[in-house]
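**Student:** Pasting structure15.pdb here (PDB, C-alpha atoms):
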```pdb
MODEL        1
ATOM      1  CA  MET A 211     -37.298 -11.943  29.152  1.00  0.00           C
ATOM      2  CA  SER A 212     -34.599 -14.535  29.763  1.00  0.00           C
ATOM      3  CA  GLU A 213     -30.964 -13.709  30.474  1.00  0.00           C
ATOM      4  CA  PRO A 214     -29.056 -12.903  27.236  1.00  0.00           C
ATOM      5  CA  ILE A 215     -26.702 -15.616  26.047  1.00  0.00           C
ATOM      6  CA  LEU A 216     -24.335 -12.846  24.875  1.00  0.00           C
ATOM      7  CA  ARG A 217     -23.949  -9.342  26.243  1.00  0.00           C
ATOM      8  CA  VAL A 218     -21.478  -6.829  24.828  1.00  0.00           C
ATOM      9  CA  THR A 219     -21.123  -3.730  27.001  1.00  0.00           C
ATOM     10  CA  ASP A 220     -19.384  -0.450  26.077  1.00  0.00           C
ATOM     11  CA  CYS A 221     -16.804  -2.184  23.893  1.00  0.00           C
ATOM     12  CA  SER A 222     -14.160  -0.009  22.265  1.00  0.00           C
ATOM     13  CA  LYS A 223     -11.122  -0.999  20.232  1.00  0.00           C
ATOM     14  CA  SER A 224      -8.398   1.269  18.951  1.00  0.00           C
ATOM     15  CA  PHE A 225      -5.393   0.513  16.772  1.00  0.00           C
ATOM     16  CA  GLY A 226      -2.964   3.320  17.472  1.00  0.00           C
ATOM     17  CA  GLY A 227      -4.822   6.468  16.480  1.00  0.00           C
ATOM     18  CA  LEU A 228      -7.622   4.566  14.704  1.00  0.00           C
ATOM     19  CA  GLN A 229     -10.815   4.106  16.722  1.00  0.00           C
ATOM     20  CA  ALA A 230     -12.318   0.953  15.179  1.00  0.00           C
ATOM     21  CA  LEU A 231     -15.047   0.519  17.821  1.00  0.00           C
ATOM     22  CA  ASP A 232     -16.510   3.187  20.081  1.00  0.00           C
ATOM     23  CA  ASN A 233     -18.591   2.134  23.114  1.00  0.00           C
ATOM     24  CA  VAL A 234     -20.657  -0.523  21.329  1.00  0.00           C
ATOM     25  CA  SER A 235     -23.271  -2.335  23.403  1.00  0.00           C
ATOM     26  CA  PHE A 236     -25.821  -4.967  22.395  1.00  0.00           C
ATOM     27  CA  TRP A 237     -27.182  -8.310  23.530  1.00  0.00           C
ATOM     28  CA  VAL A 238     -28.396 -11.563  22.012  1.00  0.00           C
ATOM     29  CA  GLN A 239     -31.169 -13.689  23.489  1.00  0.00           C
ATOM     30  CA  PRO A 240     -31.092 -17.511  23.389  1.00  0.00           C
ATOM     31  CA  LYS A 241     -32.360 -18.992  20.076  1.00  0.00           C
ATOM     32  CA  GLU A 242     -32.357 -15.555  18.458  1.00  0.00           C
ATOM     33  CA  ILE A 243     -30.820 -14.591  15.119  1.00  0.00           C
ATOM     34  CA  VAL A 244     -29.210 -11.157  15.343  1.00  0.00           C
ATOM     35  CA  GLY A 245     -27.802  -9.542  12.215  1.00  0.00           C
ATOM     36  CA  LEU A 246     -24.791  -7.239  12.348  1.00  0.00           C
ATOM     37  CA  ILE A 247     -24.606  -4.819   9.420  1.00  0.00           C
ATOM     38  CA  GLY A 248     -22.945  -1.597   8.353  1.00  0.00           C
ATOM     39  CA  PRO A 249     -21.065  -0.035   5.430  1.00  0.00           C
ATOM     40  CA  ASN A 250     -17.503  -1.092   4.615  1.00  0.00           C
ATOM     41  CA  GLY A 251     -15.180   0.004   7.406  1.00  0.00           C
ATOM     42  CA  ALA A 252     -18.010   0.259   9.936  1.00  0.00           C
ATOM     43  CA  GLY A 253     -16.253  -2.012  12.454  1.00  0.00           C
ATOM     44  CA  LYS A 254     -18.200  -5.247  11.937  1.00  0.00           C
ATOM     45  CA  THR A 255     -15.155  -7.498  11.578  1.00  0.00           C
ATOM     46  CA  THR A 256     -13.432  -5.864  14.547  1.00  0.00           C
ATOM     47  CA  LEU A 257     -16.513  -6.406  16.692  1.00  0.00           C
ATOM     48  CA  PHE A 258     -16.778 -10.016  15.540  1.00  0.00           C
ATOM     49  CA  ASN A 259     -13.122 -10.547  16.427  1.00  0.00           C
ATOM     50  CA  VAL A 260     -13.658  -9.032  19.869  1.00  0.00           C
ATOM     51  CA  VAL A 261     -16.677 -11.254  20.545  1.00  0.00           C
ATOM     52  CA  SER A 262     -14.869 -14.393  19.317  1.00  0.00           C
ATOM     53  CA  GLY A 263     -11.672 -13.704  21.270  1.00  0.00           C
ATOM     54  CA  TYR A 264      -9.313 -12.874  18.403  1.00  0.00           C
ATOM     55  CA  LEU A 265      -9.011  -9.314  19.706  1.00  0.00           C
ATOM     56  CA  LYS A 266      -9.129  -7.937  23.224  1.00  0.00           C
ATOM     57  CA  PRO A 267     -11.136  -4.723  23.502  1.00  0.00           C
ATOM     58  CA  THR A 268      -9.368  -1.564  24.619  1.00  0.00           C
ATOM     59  CA  ARG A 269     -12.211  -1.198  27.107  1.00  0.00           C
ATOM     60  CA  GLY A 270     -15.591  -2.747  27.735  1.00  0.00           C
ATOM     61  CA  GLU A 271     -16.586  -6.339  28.344  1.00  0.00           C
ATOM     62  CA  VAL A 272     -18.039  -9.414  26.653  1.00  0.00           C
ATOM     63  CA  VAL A 273     -20.192 -11.741  28.743  1.00  0.00           C
ATOM     64  CA  TYR A 274     -21.240 -15.172  27.473  1.00  0.00           C
ATOM     65  CA  GLU A 275     -23.748 -17.194  29.499  1.00  0.00           C
ATOM     66  CA  SER A 276     -23.084 -14.975  32.560  1.00  0.00           C
ATOM     67  CA  VAL A 277     -19.303 -15.542  32.314  1.00  0.00           C
ATOM     68  CA  ASN A 278     -17.017 -12.589  31.613  1.00  0.00           C
ATOM     69  CA  VAL A 279     -15.042 -13.830  28.603  1.00  0.00           C
ATOM     70  CA  THR A 280     -13.420 -10.516  27.653  1.00  0.00           C
ATOM     71  CA  GLY A 281     -10.141 -11.250  25.895  1.00  0.00           C
ATOM     72  CA  MET A 282     -10.498 -15.003  26.397  1.00  0.00           C
ATOM     73  CA  PRO A 283      -8.683 -16.845  23.561  1.00  0.00           C
ATOM     74  CA  PRO A 284     -10.790 -18.526  20.852  1.00  0.00           C
ATOM     75  CA  TYR A 285      -9.954 -22.094  21.887  1.00  0.00           C
ATOM     76  CA  LYS A 286     -11.289 -21.456  25.385  1.00  0.00           C
ATOM     77  CA  LEU A 287     -14.404 -19.812  23.984  1.00  0.00           C
ATOM     78  CA  ALA A 288     -14.917 -22.818  21.714  1.00  0.00           C
ATOM     79  CA  ALA A 289     -14.750 -25.095  24.749  1.00  0.00           C
ATOM     80  CA  LEU A 290     -17.387 -22.923  26.466  1.00  0.00           C
ATOM     81  CA  GLY A 291     -19.716 -23.176  23.467  1.00  0.00           C
ATOM     82  CA  VAL A 292     -18.915 -20.386  20.982  1.00  0.00           C
ATOM     83  CA  GLY A 293     -18.368 -21.447  17.361  1.00  0.00           C
ATOM     84  CA  ARG A 294     -17.415 -19.227  14.458  1.00  0.00           C
ATOM     85  CA  THR A 295     -17.001 -19.268  10.694  1.00  0.00           C
ATOM     86  CA  PHE A 296     -14.631 -17.049   8.712  1.00  0.00           C
ATOM     87  CA  GLN A 297     -15.257 -14.775   5.766  1.00  0.00           C
ATOM     88  CA  VAL A 298     -12.175 -16.121   3.948  1.00  0.00           C
ATOM     89  CA  VAL A 299     -12.677 -19.882   3.918  1.00  0.00           C
ATOM     90  CA  LYS A 300      -9.476 -21.877   4.317  1.00  0.00           C
ATOM     91  CA  PRO A 301     -10.171 -25.586   4.771  1.00  0.00           C
ATOM     92  CA  PHE A 302      -7.366 -28.121   5.141  1.00  0.00           C
ATOM     93  CA  ALA A 303      -7.152 -28.482   1.382  1.00  0.00           C
ATOM     94  CA  GLY A 304      -5.161 -31.730   1.377  1.00  0.00           C
ATOM     95  CA  LEU A 305      -7.623 -33.533   3.651  1.00  0.00           C
ATOM     96  CA  THR A 306     -11.043 -34.932   2.867  1.00  0.00           C
ATOM     97  CA  VAL A 307     -14.206 -33.060   3.722  1.00  0.00           C
ATOM     98  CA  LEU A 308     -14.924 -35.625   6.441  1.00  0.00           C
ATOM     99  CA  ASP A 309     -11.456 -35.244   7.971  1.00  0.00           C
ATOM    100  CA  ASN A 310     -11.835 -31.460   8.055  1.00  0.00           C
ATOM    101  CA  VAL A 311     -14.980 -31.765  10.161  1.00  0.00           C
ATOM    102  CA  THR A 312     -13.578 -34.619  12.253  1.00  0.00           C
ATOM    103  CA  ILE A 313     -10.717 -32.379  13.396  1.00  0.00           C
ATOM    104  CA  ALA A 314     -13.240 -29.867  14.756  1.00  0.00           C
ATOM    105  CA  SER A 315     -15.311 -32.635  16.329  1.00  0.00           C
ATOM    106  CA  LEU A 316     -12.314 -33.847  18.360  1.00  0.00           C
ATOM    107  CA  LEU A 317     -12.942 -30.930  20.746  1.00  0.00           C
ATOM    108  CA  ARG A 318     -16.018 -32.708  22.128  1.00  0.00           C
ATOM    109  CA  HIS A 319     -15.144 -36.281  21.143  1.00  0.00           C
ATOM    110  CA  PRO A 320     -11.443 -37.070  21.809  1.00  0.00           C
ATOM    111  CA  ASN A 321     -11.879 -40.597  20.472  1.00  0.00           C
ATOM    112  CA  ARG A 322     -11.288 -40.366  16.702  1.00  0.00           C
ATOM    113  CA  LYS A 323     -13.949 -42.925  15.836  1.00  0.00           C
ATOM    114  CA  ASN A 324     -16.566 -41.047  17.835  1.00  0.00           C
ATOM    115  CA  ALA A 325     -15.389 -37.746  16.361  1.00  0.00           C
ATOM    116  CA  ALA A 326     -15.720 -39.119  12.832  1.00  0.00           C
ATOM    117  CA  ARG A 327     -19.218 -40.385  13.601  1.00  0.00           C
ATOM    118  CA  GLN A 328     -20.261 -36.957  14.866  1.00  0.00           C
ATOM    119  CA  ALA A 329     -18.586 -35.297  11.875  1.00  0.00           C
ATOM    120  CA  TRP A 330     -20.628 -37.493   9.547  1.00  0.00           C
ATOM    121  CA  HIS A 331     -23.816 -36.283  11.219  1.00  0.00           C
ATOM    122  CA  MET A 332     -22.714 -32.691  10.589  1.00  0.00           C
ATOM    123  CA  LEU A 333     -22.094 -33.458   6.912  1.00  0.00           C
ATOM    124  CA  GLU A 334     -25.543 -34.976   6.593  1.00  0.00           C
ATOM    125  CA  PHE A 335     -27.068 -31.964   8.336  1.00  0.00           C
ATOM    126  CA  THR A 336     -25.295 -29.477   6.057  1.00  0.00           C
ATOM    127  CA  GLY A 337     -25.827 -31.436   2.839  1.00  0.00           C
ATOM    128  CA  LEU A 338     -22.181 -32.410   2.313  1.00  0.00           C
ATOM    129  CA  ALA A 339     -22.371 -36.154   2.999  1.00  0.00           C
ATOM    130  CA  ASP A 340     -22.072 -36.990  -0.708  1.00  0.00           C
ATOM    131  CA  ARG A 341     -18.713 -35.143  -0.754  1.00  0.00           C
ATOM    132  CA  ALA A 342     -17.399 -36.646   2.497  1.00  0.00           C
ATOM    133  CA  HIS A 343     -14.475 -38.523   0.938  1.00  0.00           C
ATOM    134  CA  ALA A 344     -13.558 -35.855  -1.617  1.00  0.00           C
ATOM    135  CA  GLN A 345     -10.644 -33.537  -0.965  1.00  0.00           C
ATOM    136  CA  ALA A 346     -11.733 -30.197   0.420  1.00  0.00           C
ATOM    137  CA  SER A 347      -9.692 -28.450  -2.300  1.00  0.00           C
ATOM    138  CA  GLY A 348     -12.174 -29.739  -4.887  1.00  0.00           C
ATOM    139  CA  LEU A 349     -15.216 -28.036  -3.393  1.00  0.00           C
ATOM    140  CA  THR A 350     -16.883 -25.058  -5.031  1.00  0.00           C
ATOM    141  CA  LEU A 351     -17.085 -21.770  -3.113  1.00  0.00           C
ATOM    142  CA  ALA A 352     -20.588 -22.728  -1.966  1.00  0.00           C
ATOM    143  CA  GLY A 353     -19.272 -26.104  -0.826  1.00  0.00           C
ATOM    144  CA  ARG A 354     -16.352 -24.561   1.051  1.00  0.00           C
ATOM    145  CA  LYS A 355     -18.677 -22.132   2.826  1.00  0.00           C
ATOM    146  CA  ARG A 356     -20.970 -25.013   3.766  1.00  0.00           C
ATOM    147  CA  LEU A 357     -17.910 -26.909   5.026  1.00  0.00           C
ATOM    148  CA  GLU A 358     -17.003 -23.886   7.141  1.00  0.00           C
ATOM    149  CA  ILE A 359     -20.443 -24.071   8.752  1.00  0.00           C
ATOM    150  CA  ALA A 360     -20.118 -27.842   9.264  1.00  0.00           C
ATOM    151  CA  LYS A 361     -16.764 -27.377  11.031  1.00  0.00           C
ATOM    152  CA  ALA A 362     -18.241 -24.732  13.328  1.00  0.00           C
ATOM    153  CA  LEU A 363     -21.250 -26.956  14.111  1.00  0.00           C
ATOM    154  CA  ALA A 364     -18.919 -29.860  14.915  1.00  0.00           C
ATOM    155  CA  LEU A 365     -17.736 -27.817  17.907  1.00  0.00           C
ATOM    156  CA  GLU A 366     -21.321 -28.268  19.199  1.00  0.00           C
ATOM    157  CA  PRO A 367     -21.714 -24.589  20.118  1.00  0.00           C
ATOM    158  CA  ASN A 368     -24.619 -22.855  21.811  1.00  0.00           C
ATOM    159  CA  LEU A 369     -23.726 -19.577  20.078  1.00  0.00           C
ATOM    160  CA  LEU A 370     -22.764 -19.605  16.389  1.00  0.00           C
ATOM    161  CA  LEU A 371     -21.033 -16.602  14.814  1.00  0.00           C
ATOM    162  CA  LEU A 372     -21.470 -16.548  11.018  1.00  0.00           C
ATOM    163  CA  ASP A 373     -19.183 -14.250   9.025  1.00  0.00           C
ATOM    164  CA  GLU A 374     -20.526 -13.571   5.510  1.00  0.00           C
ATOM    165  CA  VAL A 375     -21.464 -17.168   4.717  1.00  0.00           C
ATOM    166  CA  VAL A 376     -23.685 -16.042   1.823  1.00  0.00           C
ATOM    167  CA  ALA A 377     -21.349 -13.504   0.165  1.00  0.00           C
ATOM    168  CA  GLY A 378     -20.223 -14.563  -3.314  1.00  0.00           C
ATOM    169  CA  LEU A 379     -22.935 -17.189  -3.802  1.00  0.00           C
ATOM    170  CA  ASN A 380     -25.431 -17.239  -6.655  1.00  0.00           C
ATOM    171  CA  PRO A 381     -29.139 -16.800  -5.782  1.00  0.00           C
ATOM    172  CA  THR A 382     -29.854 -20.546  -5.643  1.00  0.00           C
ATOM    173  CA  GLU A 383     -26.845 -21.221  -3.412  1.00  0.00           C
ATOM    174  CA  ALA A 384     -27.767 -18.249  -1.237  1.00  0.00           C
ATOM    175  CA  ASP A 385     -31.312 -19.557  -0.758  1.00  0.00           C
ATOM    176  CA  ARG A 386     -29.969 -22.988   0.245  1.00  0.00           C
ATOM    177  CA  THR A 387     -27.681 -21.346   2.795  1.00  0.00           C
ATOM    178  CA  ILE A 388     -30.563 -19.306   4.201  1.00  0.00           C
ATOM    179  CA  GLU A 389     -32.531 -22.546   4.604  1.00  0.00           C
ATOM    180  CA  LEU A 390     -29.560 -24.093   6.418  1.00  0.00           C
ATOM    181  CA  ILE A 391     -29.226 -21.131   8.798  1.00  0.00           C
ATOM    182  CA  LEU A 392     -32.912 -21.313   9.683  1.00  0.00           C
ATOM    183  CA  LYS A 393     -32.615 -25.081  10.188  1.00  0.00           C
ATOM    184  CA  ILE A 394     -29.706 -24.485  12.577  1.00  0.00           C
ATOM    185  CA  ARG A 395     -31.853 -22.091  14.609  1.00  0.00           C
ATOM    186  CA  GLU A 396     -34.673 -24.670  14.663  1.00  0.00           C
ATOM    187  CA  GLU A 397     -32.210 -26.984  16.407  1.00  0.00           C
ATOM    188  CA  GLY A 398     -32.095 -24.474  19.266  1.00  0.00           C
ATOM    189  CA  MET A 399     -28.910 -22.617  18.413  1.00  0.00           C
ATOM    190  CA  THR A 400     -28.364 -18.872  18.810  1.00  0.00           C
ATOM    191  CA  ILE A 401     -26.848 -17.035  15.842  1.00  0.00           C
ATOM    192  CA  LEU A 402     -25.009 -13.744  15.386  1.00  0.00           C
ATOM    193  CA  ILE A 403     -24.440 -13.106  11.682  1.00  0.00           C
ATOM    194  CA  VAL A 404     -22.486 -10.529   9.684  1.00  0.00           C
ATOM    195  CA  GLU A 405     -23.681 -10.235   6.096  1.00  0.00           C
ATOM    196  CA  HIS A 406     -23.603  -7.604   3.337  1.00  0.00           C
ATOM    197  CA  ILE A 407     -26.538  -9.019   1.366  1.00  0.00           C
ATOM    198  CA  MET A 408     -29.522  -7.133   2.726  1.00  0.00           C
ATOM    199  CA  ARG A 409     -32.220  -9.548   1.578  1.00  0.00           C
ATOM    200  CA  VAL A 410     -30.515 -12.263   3.608  1.00  0.00           C
ATOM    201  CA  ILE A 411     -30.235 -10.214   6.789  1.00  0.00           C
ATOM    202  CA  MET A 412     -33.757  -8.806   6.473  1.00  0.00           C
ATOM    203  CA  ASN A 413     -35.307 -12.242   5.890  1.00  0.00           C
ATOM    204  CA  ILE A 414     -33.644 -14.224   8.673  1.00  0.00           C
ATOM    205  CA  SER A 415     -32.903 -11.781  11.505  1.00  0.00           C
ATOM    206  CA  ASP A 416     -35.101 -11.280  14.554  1.00  0.00           C
ATOM    207  CA  ARG A 417     -33.199  -8.077  15.304  1.00  0.00           C
ATOM    208  CA  ILE A 418     -30.451  -6.105  13.584  1.00  0.00           C
ATOM    209  CA  VAL A 419     -27.563  -4.061  15.001  1.00  0.00           C
ATOM    210  CA  VAL A 420     -26.150  -1.381  12.707  1.00  0.00           C
ATOM    211  CA  LEU A 421     -22.614   0.015  12.955  1.00  0.00           C
ATOM    212  CA  ASN A 422     -21.121   3.049  11.238  1.00  0.00           C
ATOM    213  CA  TYR A 423     -17.626   4.427  11.829  1.00  0.00           C
ATOM    214  CA  GLY A 424     -17.243   2.094  14.808  1.00  0.00           C
ATOM    215  CA  SER A 425     -20.393   3.219  16.633  1.00  0.00           C
ATOM    216  CA  LYS A 426     -23.811   1.637  16.941  1.00  0.00           C
ATOM    217  CA  ILE A 427     -26.295   3.872  15.123  1.00  0.00           C
ATOM    218  CA  ALA A 428     -29.409   1.689  15.226  1.00  0.00           C
ATOM    219  CA  GLU A 429     -30.862  -1.512  16.653  1.00  0.00           C
ATOM    220  CA  GLY A 430     -34.250  -3.129  16.246  1.00  0.00           C
ATOM    221  CA  LYS A 431     -36.461  -5.308  14.107  1.00  0.00           C
ATOM    222  CA  PRO A 432     -35.593  -5.457  10.386  1.00  0.00           C
ATOM    223  CA  ALA A 433     -38.454  -3.183   9.308  1.00  0.00           C
ATOM    224  CA  GLU A 434     -37.550  -0.591  11.940  1.00  0.00           C
ATOM    225  CA  VAL A 435     -33.889  -0.590  10.952  1.00  0.00           C
ATOM    226  CA  ALA A 436     -34.661  -0.377   7.223  1.00  0.00           C
ATOM    227  CA  ALA A 437     -36.740   2.756   7.827  1.00  0.00           C
ATOM    228  CA  ASN A 438     -34.231   4.444  10.149  1.00  0.00           C
ATOM    229  CA  PRO A 439     -32.933   7.710   8.571  1.00  0.00           C
ATOM    230  CA  MET A 440     -29.464   7.248  10.104  1.00  0.00           C
ATOM    231  CA  VAL A 441     -29.179   3.812   8.519  1.00  0.00           C
ATOM    232  CA  ILE A 442     -30.369   5.077   5.137  1.00  0.00           C
ATOM    233  CA  GLU A 443     -27.859   7.928   5.313  1.00  0.00           C
ATOM    234  CA  ALA A 444     -25.014   5.572   6.280  1.00  0.00           C
ATOM    235  CA  TYR A 445     -25.668   3.342   3.286  1.00  0.00           C
ATOM    236  CA  LEU A 446     -26.890   5.807   0.666  1.00  0.00           C
ATOM    237  CA  GLY A 447     -25.649   9.224   1.727  1.00  0.00           C
ATOM    238  CA  GLU A 448     -27.219  12.323   3.195  1.00  0.00           C
ATOM    239  CA  ALA A 449     -29.258  13.172   0.078  1.00  0.00           C
ATOM    240  CA  ALA A 450     -31.066   9.809   0.231  1.00  0.00           C
ATOM    241  CA  ALA A 451     -31.886  10.284   3.897  1.00  0.00           C
TER     242      ALA A 451
ENDMDL
END
```
Translate the structure of the given file into structure tokens.
**Tutor:**
Amino acid sequence: MSEPILRVTDCSKSFGGLQALDNVSFWVQPKEIVGLIGPNGAGKTTLFNVVSGYLKPTRGEVVYESVNVTGMPPYKLAALGVGRTFQVVKPFAGLTVLDNVTIASLLRHPNRKNAARQAWHMLEFTGLADRAHAQASGLTLAGRKRLEIAKALALEPNLLLLDEVVAGLNPTEADRTIELILKIREEGMTILIVEHIMRVIMNISDRIVVLNYGSKIAEGKPAEVAANPMVIEAYLGEAAA
């Protein structure tokens, strides 16, 4: 087995008296899709924010490509190769779709012309090229979520963190997004994804990590996790388990 591209070890995060994460450990192998699931309030967003540098853990460490990046700010992580989308999509509404992606592409391509060229490739890859010169404010929810992915890809990451990119989409839009995620992995990228829609997580993940009340309660292949009594209880209650 190769060295994990991401290793989270004994990470805890507290906010005053609230223990949001409690000694969570997991790893992600290169070119793997790992799903992160759990009921509302399980600690998924907190863990995502710790991994992506928006929060520093109270204790524990995050290692990316053998570098200890614990508490490293997001812009430094982006430069190292970690890209992320956000659950609440907020594009630069007054700019075009192309300009939104060009801004992200400037990280790797300081020359604006080169950045715009790379941004165009990302729009073609994500299916947004026909909307390139439209204002981002005019996109549908599905379009804005696809734009969020395009902006993250423009950073040219090795590790892509996807935060509920399917939530709120109709079945057709969801299927198109699933196809896009799998296409991204085919390009050699590693993906850590948070998603509430179980059919999405079960269909695309190589492994799944399950949180409940800030602790990891299960980890394994989708079929193993779906049959785990602790997972069933966390989602459906003790009677169901």
**Student:** Can you pull out the residues contacting A:Arg341? Cut-off 9 Å, using all atoms listed in the file, and skip same-chain residues under 4 positions away; I want them as a list in words.
**Tutor:**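 Residues meeting the cut-off are Thr306, Val307, Leu308, Leu333, Gly337, Gln345, Ala346 and Leu349 of chain A.
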**Student:** With the file shown as input, list the residues that the PyMOL selection byres ((chain A and resi 373-381) around 9) selects, as a PyMOL selection string.
**Tutor:** chain A and resi 255+258+294-298+351-352+355-356+358-359+371-372+382-388+402-407+410
**Student:** I need the output of the PyMOL selection byres ((chain A and resi 411-415) around 7) for this file as a PyMOL selection string; which residues are they?
**Tutor:** chain A and resi 243-245+405+407-410+416-418+432
**Student:** Just write the chosen residues, C-alpha atoms, as a PDB file, in the coordinates of the input.
**Tutor:**
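again.pdb, written as the output of this step:
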```
ATOM      1  CA  ILE A 243     -30.820 -14.591  15.119  1.00  0.00           C
ATOM      2  CA  VAL A 244     -29.210 -11.157  15.343  1.00  0.00           C
ATOM      3  CA  GLY A 245     -27.802  -9.542  12.215  1.00  0.00           C
ATOM      4  CA  GLU A 405     -23.681 -10.235   6.096  1.00  0.00           C
ATOM      5  CA  ILE A 407     -26.538  -9.019   1.366  1.00  0.00           C
ATOM      6  CA  MET A 408     -29.522  -7.133   2.726  1.00  0.00           C
ATOM      7  CA  ARG A 409     -32.220  -9.548   1.578  1.00  0.00           C
ATOM      8  CA  VAL A 410     -30.515 -12.263   3.608  1.00  0.00           C
ATOM      9  CA  ASP A 416     -35.101 -11.280  14.554  1.00  0.00           C
ATOM     10  CA  ARG A 417     -33.199  -8.077  15.304  1.00  0.00           C
ATOM     11  CA  ILE A 418     -30.451  -6.105  13.584  1.00  0.00           C
ATOM     12  CA  PRO A 432     -35.593  -5.457  10.386  1.00  0.00           C
TER      13      PRO A 432
END
```
**Student:** Can you tell me how far atom CA of A:Lys393 sits from atom CA of A:Phe236, in Å to one decimal?
**Tutor:**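 Computed distance, atom CA of A:Lys393 to atom CA of A:Phe236, equals 24.5 Å.
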**Student:** Tell me which residues the PyMOL selection byres ((chain A and resi 398) around 10) grabs here, as a PyMOL selection string.
**Tutor:** chain A and resi 240-242+368-369+393-397+399-401
**Student:** To one decimal in Å, tell me the separation between atom CA of A:Lys431 and atom CA of A:Ser276.
**Tutor:**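 Separation between atom CA of A:Lys431 and atom CA of A:Ser276: 24.8 Å.
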**Student:** Which value, in Å to one decimal, gives the distance between atom CA of A:Pro214 and atom CA of A:Ala436?
**Tutor:**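 It comes out at 24.3 Å.
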**Student:** Please write out, as JSON, where the centre of an axis-aligned box around all listed atoms of stretch 401-416 of chain A lies and how long its edges are, in Å to one decimal, after adding 4 Å on each side.
**Tutor:**
```
{"center_x": -28.9, "center_y": -12.1, "center_z": 8.6, "size_x": 20.8, "size_y": 17.9, "size_z": 22.5}
```
**Student:** Using only C-alpha atoms, pick whichever of A:Gly430, A:Thr268, A:Gly353, A:Asp309 has the shortest atom-to-atom distance to A:Gly226.
**Tutor:**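 Between A:Gly430, A:Thr268, A:Gly353, A:Asp309, the residue approaching A:Gly226 most closely is A:Thr268.
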